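Shown here: work-v3.pdb, PDB, C-alpha atoms.
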ATOM      1  CA  LEU A   1       0.000   0.000   0.000
ATOM      2  CA  GLN A   2       2.744   2.429   0.951
ATOM      3  CA  MET A   3       4.642   1.784  -2.280
ATOM      4  CA  GLU A   4       1.472   2.285  -4.313
ATOM      5  CA  ILE A   5       0.915   5.637  -2.602
ATOM      6  CA  PHE A   6       4.568   6.599  -2.970
ATOM      7  CA  HIS A   7       4.426   6.081  -6.743
ATOM      8  CA  VAL A   8       1.613   8.655  -6.951
ATOM      9  CA  LEU A   9       3.536  11.084  -4.739
ATOM     10  CA  ALA A  10       6.696  10.613  -6.805
ATOM     11  CA  ALA A  11       4.785  11.375 -10.009
ATOM     12  CA  ILE A  12       3.481  14.644  -8.539
ATOM     13  CA  CYS A  13       6.982  15.500  -7.329
ATOM     14  CA  PHE A  14       8.463  14.832 -10.778
ATOM     15  CA  CYS A  15       5.901  17.056 -12.500
ATOM     16  CA  SER A  16       6.597  19.816  -9.966
ATOM     17  CA  PHE A  17      10.337  19.517 -10.562
ATOM     18  CA  LEU A  18       9.883  19.862 -14.328
ATOM     19  CA  PHE A  19       7.613  22.864 -13.876
ATOM     20  CA  CYS A  20       9.976  24.650 -11.481
ATOM     21  CA  PHE A  21      13.050  24.151 -13.631
ATOM     22  CA  ILE A  22      11.538  24.926 -17.022
ATOM     23  CA  VAL A  23       9.516  27.940 -15.880
ATOM     24  CA  GLY A  24      12.333  29.201 -13.675
ATOM     25  CA  GLU A  25      14.854  29.111 -16.507
ATOM     26  CA  LEU A  26      12.522  30.623 -19.092
ATOM     27  CA  THR A  27      11.420  33.517 -16.861
ATOM     28  CA  LEU A  28      14.585  33.937 -14.720
ATOM     29  CA  ASN A  29      12.281  33.914 -11.700
ATOM     30  CA  ASN A  30      13.581  31.097  -9.510
ATOM     31  CA  SER A  31      10.862  31.321  -6.876
ATOM     32  CA  GLN A  32       8.619  28.817  -8.635
ATOM     33  CA  MET A  33       9.380  26.204  -5.983
ATOM     34  CA  ASP A  34       8.937  28.811  -3.248
ATOM     35  CA  LYS A  35       5.356  29.271  -4.464
ATOM     36  CA  LEU A  36       4.704  25.531  -4.364
ATOM     37  CA  TRP A  37       6.461  24.932  -1.016
ATOM     38  CA  SER A  38       3.281  25.592   0.958
ATOM     39  CA  ILE A  39       0.936  23.903  -1.504
ATOM     40  CA  LEU A  40       2.566  20.536  -2.149
ATOM     41  CA  PRO A  41       2.690  19.125   1.420
ATOM     42  CA  PRO A  42      -1.098  19.437   1.933
ATOM     43  CA  VAL A  43      -1.591  17.765  -1.459
ATOM     44  CA  TYR A  44       0.781  14.937  -0.557
ATOM     45  CA  VAL A  45      -0.778  14.355   2.866
ATOM     46  CA  TRP A  46      -4.304  14.348   1.456
ATOM     47  CA  VAL A  47      -3.289  11.853  -1.233
ATOM     48  CA  ILE A  48      -1.814   9.653   1.498
ATOM     49  CA  ALA A  49      -4.905   9.999   3.669
ATOM     50  CA  ALA A  50      -7.299   9.230   0.795
ATOM     51  CA  MET A  51      -5.336   6.223  -0.419
ATOM     52  CA  GLY A  52      -4.348   5.101   3.072
ATOM     53  CA  GLY A  53      -7.816   4.534   4.474
ATOM     54  CA  MET A  54      -8.668   7.869   6.156
ATOM     55  CA  SER A  55      -7.905   6.680   9.682
ATOM     56  CA  LEU A  56      -8.337   9.225  12.478
ATOM     57  CA  ARG A  57      -4.558   9.721  12.601
ATOM     58  CA  LEU A  58      -4.368  10.444   8.870
ATOM     59  CA  ILE A  59      -7.384  12.758   9.043
ATOM     60  CA  VAL A  60      -5.745  14.816  11.807
ATOM     61  CA  MET A  61      -2.523  14.983   9.787
ATOM     62  CA  ALA A  62      -4.511  15.952   6.684
ATOM     63  CA  ILE A  63      -6.121  18.819   8.615
ATOM     64  CA  LEU A  64      -2.897  20.146  10.110
ATOM     65  CA  ALA A  65      -0.994  20.173   6.801
ATOM     66  CA  PRO A  66      -3.405  22.604   5.038
ATOM     67  CA  VAL A  67      -3.482  24.821   8.147
ATOM     68  CA  TRP A  68       0.299  25.049   7.946
ATOM     69  CA  GLY A  69       0.094  25.585   4.181
ATOM     70  CA  ALA A  70      -2.522  28.346   4.428
ATOM     71  CA  ARG A  71      -0.325  30.307   6.840
ATOM     72  CA  LEU A  72       2.750  30.093   4.630
ATOM     73  CA  THR A  73       0.835  30.755   1.405
ATOM     74  CA  TYR A  74      -0.764  33.860   2.902
ATOM     75  CA  ASN A  75       2.528  35.170   4.258
ATOM     76  CA  PHE A  76       4.366  34.606   0.978
ATOM     77  CA  GLY A  77       1.452  35.916  -1.069
ATOM     78  CA  ARG A  78       1.244  39.279   0.689
ATOM     79  CA  LYS A  79       4.875  39.856  -0.226
ATOM     80  CA  GLY A  80       3.819  39.813  -3.883
ATOM     81  CA  ALA A  81       4.964  36.288  -4.690
ATOM     82  CA  TYR A  82       1.820  35.218  -6.549
ATOM     83  CA  SER A  83       0.452  36.778  -9.698
ATOM     84  CA  ILE A  84      -2.274  36.133 -12.260
ATOM     85  CA  LYS A  85       0.649  35.505 -14.569
ATOM     86  CA  PHE A  86       1.631  32.434 -12.543
ATOM     87  CA  TRP A  87       5.256  32.495 -13.729
ATOM     88  CA  SER A  88       5.876  36.006 -12.424
ATOM     89  CA  GLY A  89       5.646  37.558  -8.961
ATOM     90  CA  GLU A  90       8.216  38.739  -6.428
ATOM     91  CA  GLU A  91      11.296  36.519  -6.314
ATOM     92  CA  ASP A  92      12.921  35.526  -3.016
ATOM     93  CA  TYR A  93      15.721  37.997  -2.257
ATOM     94  CA  ARG A  94      18.202  35.195  -1.554
ATOM     95  CA  TRP A  95      18.118  33.935  -5.149
ATOM     96  CA  LYS A  96      18.817  37.451  -6.402
ATOM     97  CA  PHE A  97      21.724  37.721  -3.977
ATOM     98  CA  LEU A  98      23.234  34.377  -4.986
ATOM     99  CA  ARG A  99      22.999  35.150  -8.701
ATOM    100  CA  GLY A 100      25.042  38.286  -8.041
ATOM    101  CA  THR A 101      27.929  36.452  -6.361
ATOM    102  CA  LYS A 102      31.079  35.467  -8.231
ATOM    103  CA  TYR A 103      30.243  31.781  -7.892
ATOM    104  CA  PHE A 104      27.036  32.003  -9.922
ATOM    105  CA  LYS A 105      27.786  34.684 -12.491
ATOM    106  CA  SER A 106      28.045  32.010 -15.163
ATOM    107  CA  ARG A 107      24.630  31.301 -16.673
ATOM    108  CA  ALA A 108      25.497  27.620 -17.031
ATOM    109  CA  VAL A 109      26.561  27.310 -13.379
ATOM    110  CA  TRP A 110      23.374  28.960 -12.201
ATOM    111  CA  ALA A 111      21.255  26.704 -14.421
ATOM    112  CA  LEU A 112      22.970  23.668 -12.893
ATOM    113  CA  PHE A 113      22.300  25.009  -9.386
ATOM    114  CA  ASP A 114      18.687  25.646 -10.330
ATOM    115  CA  PHE A 115      18.383  22.117 -11.716
ATOM    116  CA  LEU A 116      20.021  20.248  -8.830
ATOM    117  CA  PHE A 117      19.168  22.301  -5.738
ATOM    118  CA  ILE A 118      16.228  24.620  -6.369
ATOM    119  CA  SER A 119      14.210  22.291  -8.570
ATOM    120  CA  ILE A 120      15.200  18.714  -7.694
ATOM    121  CA  TYR A 121      16.473  18.814  -4.103
ATOM    122  CA  GLN A 122      13.828  21.162  -2.733
ATOM    123  CA  ASN A 123      11.019  19.228  -4.410
ATOM    124  CA  VAL A 124      12.330  15.958  -3.018
ATOM    125  CA  LEU A 125      12.785  17.531   0.423
ATOM    126  CA  VAL A 126       9.202  18.777   0.524
ATOM    127  CA  LEU A 127       8.003  15.287  -0.353
ATOM    128  CA  LEU A 128      10.226  13.740   2.320
ATOM    129  CA  THR A 129       8.773  15.968   5.060
ATOM    130  CA  THR A 130       5.394  14.292   4.522
ATOM    131  CA  LEU A 131       6.757  10.745   4.867
ATOM    132  CA  PRO A 132       5.472  10.386   8.461
ATOM    133  CA  ALA A 133       1.962  10.338   6.973
ATOM    134  CA  LEU A 134       3.057   7.625   4.558
ATOM    135  CA  ALA A 135       4.540   5.679   7.467
ATOM    136  CA  ALA A 136       1.181   5.943   9.233
ATOM    137  CA  ALA A 137      -0.773   4.668   6.209
ATOM    138  CA  GLY A 138      -2.165   1.211   6.883
ATOM    139  CA  SER A 139      -1.261   1.315  10.585
ATOM    140  CA  THR A 140      -3.513  -0.702  12.909
ATOM    141  CA  ASN A 141      -2.420   1.253  15.999
ATOM    142  CA  ALA A 142      -5.281   3.184  17.563
ATOM    143  CA  PHE A 143      -5.084   6.972  17.823
ATOM    144  CA  GLY A 144      -3.508   7.538  21.241
ATOM    145  CA  TRP A 145      -1.704   9.965  23.523
ATOM    146  CA  VAL A 146       1.376  10.068  21.274
ATOM    147  CA  ASP A 147      -0.816  11.298  18.425
ATOM    148  CA  VAL A 148      -2.430  13.884  20.703
ATOM    149  CA  LEU A 149       1.046  15.085  21.677
ATOM    150  CA  ALA A 150       2.047  15.273  18.009
ATOM    151  CA  ALA A 151      -1.096  17.241  17.115
ATOM    152  CA  VAL A 152      -0.691  19.711  19.996
ATOM    153  CA  LEU A 153       3.011  20.304  19.263
ATOM    154  CA  THR A 154       2.429  20.696  15.517
ATOM    155  CA  ALA A 155      -0.402  23.184  16.077
ATOM    156  CA  SER A 156       1.684  25.079  18.651
ATOM    157  CA  PHE A 157       4.620  25.477  16.287
ATOM    158  CA  ILE A 158       2.290  26.615  13.497
ATOM    159  CA  LEU A 159       0.952  29.247  15.903
ATOM    160  CA  LEU A 160       4.520  30.277  16.754
ATOM    161  CA  GLU A 161       5.273  30.766  13.061
ATOM    162  CA  THR A 162       2.110  32.767  12.554
ATOM    163  CA  VAL A 163       2.884  35.166  15.404
ATOM    164  CA  ALA A 164       6.497  35.552  14.244
ATOM    165  CA  ASP A 165       5.376  36.278  10.675
ATOM    166  CA  GLU A 166       2.892  38.905  11.848
ATOM    167  CA  GLN A 167       5.460  40.644  14.015
ATOM    168  CA  GLN A 168       7.987  40.692  11.195
ATOM    169  CA  TRP A 169       5.422  41.898   8.660
ATOM    170  CA  LYS A 170       4.286  44.785  10.867
ATOM    171  CA  PHE A 171       7.867  45.803  11.626
ATOM    172  CA  GLN A 172       9.049  45.767   8.015
ATOM    173  CA  THR A 173       5.879  47.464   6.727
ATOM    174  CA  THR A 174       6.209  50.281   9.251
ATOM    175  CA  LYS A 175       9.914  50.670   8.553
ATOM    176  CA  TRP A 176       9.535  50.883   4.781
ATOM    177  CA  ASN A 177       6.545  53.237   5.044
ATOM    178  CA  MET A 178       8.710  55.664   6.995
ATOM    179  CA  ILE A 179      11.586  55.290   4.552
ATOM    180  CA  SER A 180       9.197  55.846   1.632
ATOM    181  CA  SER A 181       8.114  59.126   3.247
ATOM    182  CA  GLY A 182      11.649  60.445   2.812
ATOM    183  CA  LYS A 183      13.374  59.496   6.046
ATOM    184  CA  LYS A 184      16.764  57.809   6.149
ATOM    185  CA  LEU A 185      17.267  54.640   8.173
ATOM    186  CA  ASP A 186      19.296  56.368  10.910
ATOM    187  CA  GLU A 187      16.563  58.998  11.235
ATOM    188  CA  LEU A 188      13.914  56.440  12.154
ATOM    189  CA  PRO A 189      12.830  55.959  15.793
ATOM    190  CA  GLU A 190      13.847  52.922  17.828
ATOM    191  CA  PRO A 191      13.840  50.046  16.975
ATOM    192  CA  TYR A 192      13.312  50.747  13.267
ATOM    193  CA  ASN A 193      16.637  52.589  12.895
ATOM    194  CA  LYS A 194      18.458  49.271  13.284
ATOM    195  CA  GLY A 195      16.852  47.975  10.103
ATOM    196  CA  PHE A 196      15.899  44.578  11.533
ATOM    197  CA  ASN A 197      13.301  43.435  14.049
ATOM    198  CA  THR A 198      14.375  43.051  17.681
ATOM    199  CA  LYS A 199      10.958  43.113  19.355
ATOM    200  CA  GLY A 200       8.453  40.450  20.364
ATOM    201  CA  LEU A 201       9.587  36.917  19.568
ATOM    202  CA  TRP A 202      12.531  38.413  17.699
ATOM    203  CA  ALA A 203      13.921  39.686  21.016
ATOM    204  CA  ILE A 204      14.526  36.121  22.222
ATOM    205  CA  SER A 205      15.219  34.312  18.920
ATOM    206  CA  ARG A 206      16.874  35.581  15.743
ATOM    207  CA  HIS A 207      14.706  33.244  13.684
ATOM    208  CA  PRO A 208      11.495  32.386  15.563
ATOM    209  CA  ASN A 209       9.776  31.670  12.236
ATOM    210  CA  TYR A 210      12.473  29.126  11.331
ATOM    211  CA  LEU A 211      12.171  27.592  14.800
ATOM    212  CA  GLY A 212       8.444  27.206  14.208
ATOM    213  CA  GLU A 213       8.981  25.639  10.789
ATOM    214  CA  GLN A 214      11.492  23.103  12.037
ATOM    215  CA  GLY A 215       9.362  22.345  15.082
ATOM    216  CA  THR A 216       6.264  21.831  12.942
ATOM    217  CA  TRP A 217       7.754  19.067  10.836
ATOM    218  CA  CYS A 218       9.680  17.461  13.703
ATOM    219  CA  SER A 219       6.372  17.305  15.587
ATOM    220  CA  PHE A 220       4.653  15.943  12.479
ATOM    221  CA  TYR A 221       7.162  13.085  12.592
ATOM    222  CA  ILE A 222       5.866  12.058  16.020
ATOM    223  CA  PHE A 223       2.668  10.819  14.330
ATOM    224  CA  SER A 224       4.731   8.004  12.788
ATOM    225  CA  ILE A 225       5.766   6.974  16.289
ATOM    226  CA  GLY A 226       2.114   6.871  17.298
ATOM    227  CA  ALA A 227       1.486   4.673  14.269
ATOM    228  CA  GLY A 228       3.833   2.089  15.765
ATOM    229  CA  VAL A 229       6.666   2.380  13.238
ATOM    230  CA  GLY A 230       9.235   2.973  15.967
ATOM    231  CA  ILE A 231      10.780   5.912  17.800
ATOM    232  CA  LEU A 232      13.480   6.262  15.144
ATOM    233  CA  ASN A 233      12.180   5.209  11.745
ATOM    234  CA  TRP A 234      12.792   5.880   8.044
ATOM    235  CA  SER A 235      10.310   8.760   7.838
ATOM    236  CA  VAL A 236      12.589  10.977   9.979
ATOM    237  CA  ILE A 237      14.745  11.816   6.960
ATOM    238  CA  GLY A 238      12.533  14.703   5.837
ATOM    239  CA  ALA A 239      12.553  16.480   9.199
ATOM    240  CA  ALA A 240      16.308  15.917   9.578
ATOM    241  CA  LEU A 241      17.124  17.356   6.161
ATOM    242  CA  LEU A 242      14.754  20.273   6.740
ATOM    243  CA  VAL A 243      16.590  21.204   9.944
ATOM    244  CA  MET A 244      19.877  21.128   8.027
ATOM    245  CA  LEU A 245      18.394  23.310   5.280
ATOM    246  CA  PHE A 246      17.270  25.958   7.744
ATOM    247  CA  PHE A 247      20.697  26.144   9.331
ATOM    248  CA  GLY A 248      22.058  26.953   5.876
ATOM    249  CA  SER A 249      19.221  29.351   5.091
ATOM    250  CA  ALA A 250      19.718  31.174   8.402
ATOM    251  CA  TRP A 251      23.452  31.479   7.710
ATOM    252  CA  LEU A 252      22.819  32.991   4.260
ATOM    253  CA  GLY A 253      20.113  35.342   5.525
ATOM    254  CA  GLU A 254      22.305  36.569   8.378
ATOM    255  CA  MET A 255      25.243  37.124   6.057
ATOM    256  CA  ILE A 256      23.059  39.365   3.873
ATOM    257  CA  THR A 257      21.554  41.184   6.866
ATOM    258  CA  SER A 258      24.961  41.735   8.472
ATOM    259  CA  SER A 259      26.253  43.305   5.270
ATOM    260  CA  LYS A 260      23.394  45.839   5.309
ATOM    261  CA  TYR A 261      22.995  46.587   9.008
ATOM    262  CA  PRO A 262      26.110  47.023  11.233
ATOM    263  CA  ALA A 263      24.092  46.640  14.453
ATOM    264  CA  TYR A 264      23.237  43.038  13.557
ATOM    265  CA  ALA A 265      26.616  41.812  14.834
ATOM    266  CA  GLU A 266      25.767  42.960  18.367
ATOM    267  CA  TYR A 267      22.268  41.481  18.065
ATOM    268  CA  LYS A 268      23.815  38.092  17.201
ATOM    269  CA  LYS A 269      25.887  38.202  20.406
ATOM    270  CA  LYS A 270      22.825  38.789  22.596
ATOM    271  CA  VAL A 271      20.109  36.660  20.965
ATOM    272  CA  SER A 272      20.280  32.945  20.135
ATOM    273  CA  LYS A 273      19.748  31.741  16.587
ATOM    274  CA  PHE A 274      16.712  29.505  17.080
ATOM    275  CA  ILE A 275      15.878  28.235  20.573
ATOM    276  CA  PRO A 276      15.525  31.090  23.093
ATOM    277  CA  THR A 277      18.081  31.029  25.914
ATOM    278  CA  ARG A 278      16.547  33.969  27.771
ATOM    279  CA  PHE A 279      13.060  35.447  28.152
TER     280      PHE A 279
END
Whole structure, structure tokens version:
Amino acid sequence: LQMEIFHVLAAICFCSFLFCFIVGELTLNNSQMDKLWSILPPVYVWVIAAMGGMSLRLIVMAILAPVWGARLTYNFGRKGAYSIKFWSGEEDYRWKFLRGTKYFKSRAVWALFDFLFISIYQNVLVLLTTLPALAAAGSTNAFGWVDVLAAVLTASFILLETVADEQQWKFQTTKWNMISSGKKLDELPEPYNKGFNTKGLWAISRHPNYLGEQGTWCSFYIFSIGAGVGILNWSVIGAALLVMLFFGSAWLGEMITSSKYPAYAEYKKKVSKFIPTRF
């Protein structure tokens, strides 16, 4: 049953990979996968749930995945990522930055990076994060306290992400509105004159949104434990690789931020990267 479901998931993943690479190269907008990042996991989990028997565990997982996806889609959409012309929209600033570095100035090198990392690896990674649902497909274990724990933790981390996104959105919107009115960055009131958010959740974690994202999918993995597959099982690979990806993404984002805002170096000394060490 699991292999039958996986073949369907792999076919969707392959079509997504082709779309992201072809459209990304034709339009030079490499955020095609970014647009699908929040859409594909709910699709995968619902396919698993439908083909896997719609047990209570799978139904709960199939509810949580779209809730997570709606939050991320909304947050990415209000930044201008989606457009009626589906191939256009605002591109993630990190791709623009990387294309401008000496390592990716060659069109051929960038196309290879797009092919291997942006299009293939990220598509495969998104599929892998949903493997706990596949591991739960066909399970005869009753929905129990482990599943309740998984559901509560997953929902809590989604809430954490939502709050972090809102705080960041309000900060950046206010900052850029003041700059658009003619003020320079150093003329803005505290804390906007620093250029980056240091209030709310951002006062105790440099990346509370990343913490929420990693926590969401690590908690999602706990459902596979409730399904009786074992405490450490094959479906952990998606969550593990996602954690590694966000360490790299945080490093790149902080390198860009540090180059723009001198005060960020002091902020890094006082505030932990992900898990808060002070409140």
With a distance cut-off of 12 Å and all atoms listed in the file, select the neighbouring residues of Thr216 in chain A, excluding the residue or stretch itself and same-chain residues fewer than 5 positions from it, and output the selection as an mmCIF file with C-alpha atoms, in the frame of the given file.
data_model
loop_
_atom_site.group_PDB
_atom_site.id
_atom_site.type_symbol
_atom_site.label_atom_id
_atom_site.label_comp_id
_atom_site.auth_asym_id
_atom_site.auth_seq_id
_atom_site.Cartn_x
_atom_site.Cartn_y
_atom_site.Cartn_z
ATOM 1 C CA MET A 61 -2.523 14.983 9.787
ATOM 2 C CA LEU A 64 -2.897 20.146 10.110
ATOM 3 C CA ALA A 65 -0.994 20.173 6.801
ATOM 4 C CA VAL A 67 -3.482 24.821 8.147
ATOM 5 C CA TRP A 68 0.299 25.049 7.946
ATOM 6 C CA GLY A 69 0.094 25.585 4.181
ATOM 7 C CA THR A 129 8.773 15.968 5.060
ATOM 8 C CA THR A 130 5.394 14.292 4.522
ATOM 9 C CA ALA A 150 2.047 15.273 18.009
ATOM 10 C CA ALA A 151 -1.096 17.241 17.115
ATOM 11 C CA VAL A 152 -0.691 19.711 19.996
ATOM 12 C CA LEU A 153 3.011 20.304 19.263
ATOM 13 C CA THR A 154 2.429 20.696 15.517
ATOM 14 C CA ALA A 155 -0.402 23.184 16.077
ATOM 15 C CA SER A 156 1.684 25.079 18.651
ATOM 16 C CA PHE A 157 4.620 25.477 16.287
ATOM 17 C CA ILE A 158 2.290 26.615 13.497
ATOM 18 C CA LEU A 159 0.952 29.247 15.903
ATOM 19 C CA LEU A 160 4.520 30.277 16.754
ATOM 20 C CA GLU A 161 5.273 30.766 13.061
ATOM 21 C CA THR A 162 2.110 32.767 12.554
ATOM 22 C CA ASN A 209 9.776 31.670 12.236
ATOM 23 C CA TYR A 210 12.473 29.126 11.331
ATOM 24 C CA LEU A 211 12.171 27.592 14.800
ATOM 25 C CA TYR A 221 7.162 13.085 12.592
ATOM 26 C CA ILE A 222 5.866 12.058 16.020
ATOM 27 C CA PHE A 223 2.668 10.819 14.330
ATOM 28 C CA GLY A 238 12.533 14.703 5.837
ATOM 29 C CA ALA A 239 12.553 16.480 9.199
ATOM 30 C CA LEU A 242 14.754 20.273 6.740
ATOM 31 C CA VAL A 243 16.590 21.204 9.944
#
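Compared by their closest atoms to Tyr74 in chain A, and using all atoms listed in the file, the residues A:Tyr192, A:Phe14, A:Tyr44, A:Trp169 rank with A:Trp169 nearest.
The interatomic distance for the pair CA of Trp87 in chain A and CA of Phe17 in chain A works out to 14.3 Å.
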Next item on the list: Check the smallest atom-to-atom distance from each of A:Ala111, A:Leu201, A:Ala227, A:Leu134 to Gly24 in chain A using only C-alpha atoms, then report the winner.
Entry: A:Ala111
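You can rank A:Leu58, A:Lys270, A:Ile22, A:Glu254 by their closest distance to Gly138 in chain A using only C-alpha atoms, and at the top of that list sits A:Leu58.
Using only C-alpha atoms, the smallest distance between any of A:Ile225, A:Ala49, A:Met244, A:Ala263 and Pro191 in chain A comes from A:Ala263.
Evaluated on this file, the PyMOL selection byres ((chain A and resi 170) around 12) matches Asn75, Arg78, Val163, Ala164, Asp165, Glu166, Gln167, Gln168, Trp169, Phe171, Gln172, Thr173, Thr174, Lys175, Trp176, Asn177, Tyr192, Phe196, Asn197, Lys199 and Gly200 of chain A.
Run against this file, the PyMOL selection byres ((chain A and resi 40) around 10) gives back Leu9, Ile12, Cys13, Ser16, Met33, Lys35, Leu36, Trp37, Ser38, Ile39, Pro41, Pro42, Val43, Tyr44, Val45, Trp46, Ala65, Pro66, Gly69, Asn123, Val126, Leu127 and Thr130 of chain A.
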Notebook entry, point to check: So what does the PyMOL selection byres ((chain A and resi 94) around 10) actually pick up in this one, as a ChimeraX atom specification?
Noted result: /A:31,91-93,95-100,249,252-253,256
Centre and size of axis-aligned box enclosing range 27-36 of chain A plus 5 Å each side, as lines of an AutoDock Vina configuration file:
center_x = 9.6
center_y = 29.7
center_z = -10.1
size_x = 19.9
size_y = 18.4
size_z = 23.6
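Closest approach to Ser272 in chain A among A:Leu245, A:Thr198, A:Asn30, A:Val109: A:Thr198, based on all atoms listed in the file.
Here CA of Gly53 in chain A stands at a distance of 7.3 Å from CA of Ala137 in chain A.
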Margin query: Neighbouring residues of Phe86 in chain A were defined as those with any atom within 10 Å, considering all atoms listed in the file; residues of the same chain fewer than 4 positions away were excluded. Please report them as an MDAnalysis selection string.
Written below: chainID A and resid 23 32 35 81:82
Checklist line | Atom pair CA of Phe247 in chain A / CA of Gln214 in chain A: separation (Å) | finding: 10.1 Å
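Of the residues listed (A:Ile5, A:Val146, A:Cys15, A:Leu128), A:Val146 shows the shortest atom-to-atom separation from Arg57 in chain A; distances use only C-alpha atoms.
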Check: Which residues, written as a list in words, have at least one atom at most 7 Å from range 141-145 of chain A, with all atoms listed in the file counted and residues fewer than 2 positions away on the same chain left out?
Finding: Leu56, Arg57, Ser139, Asp147, Val148, Leu149, Gly226, Ala227 and Gly228 of chain A
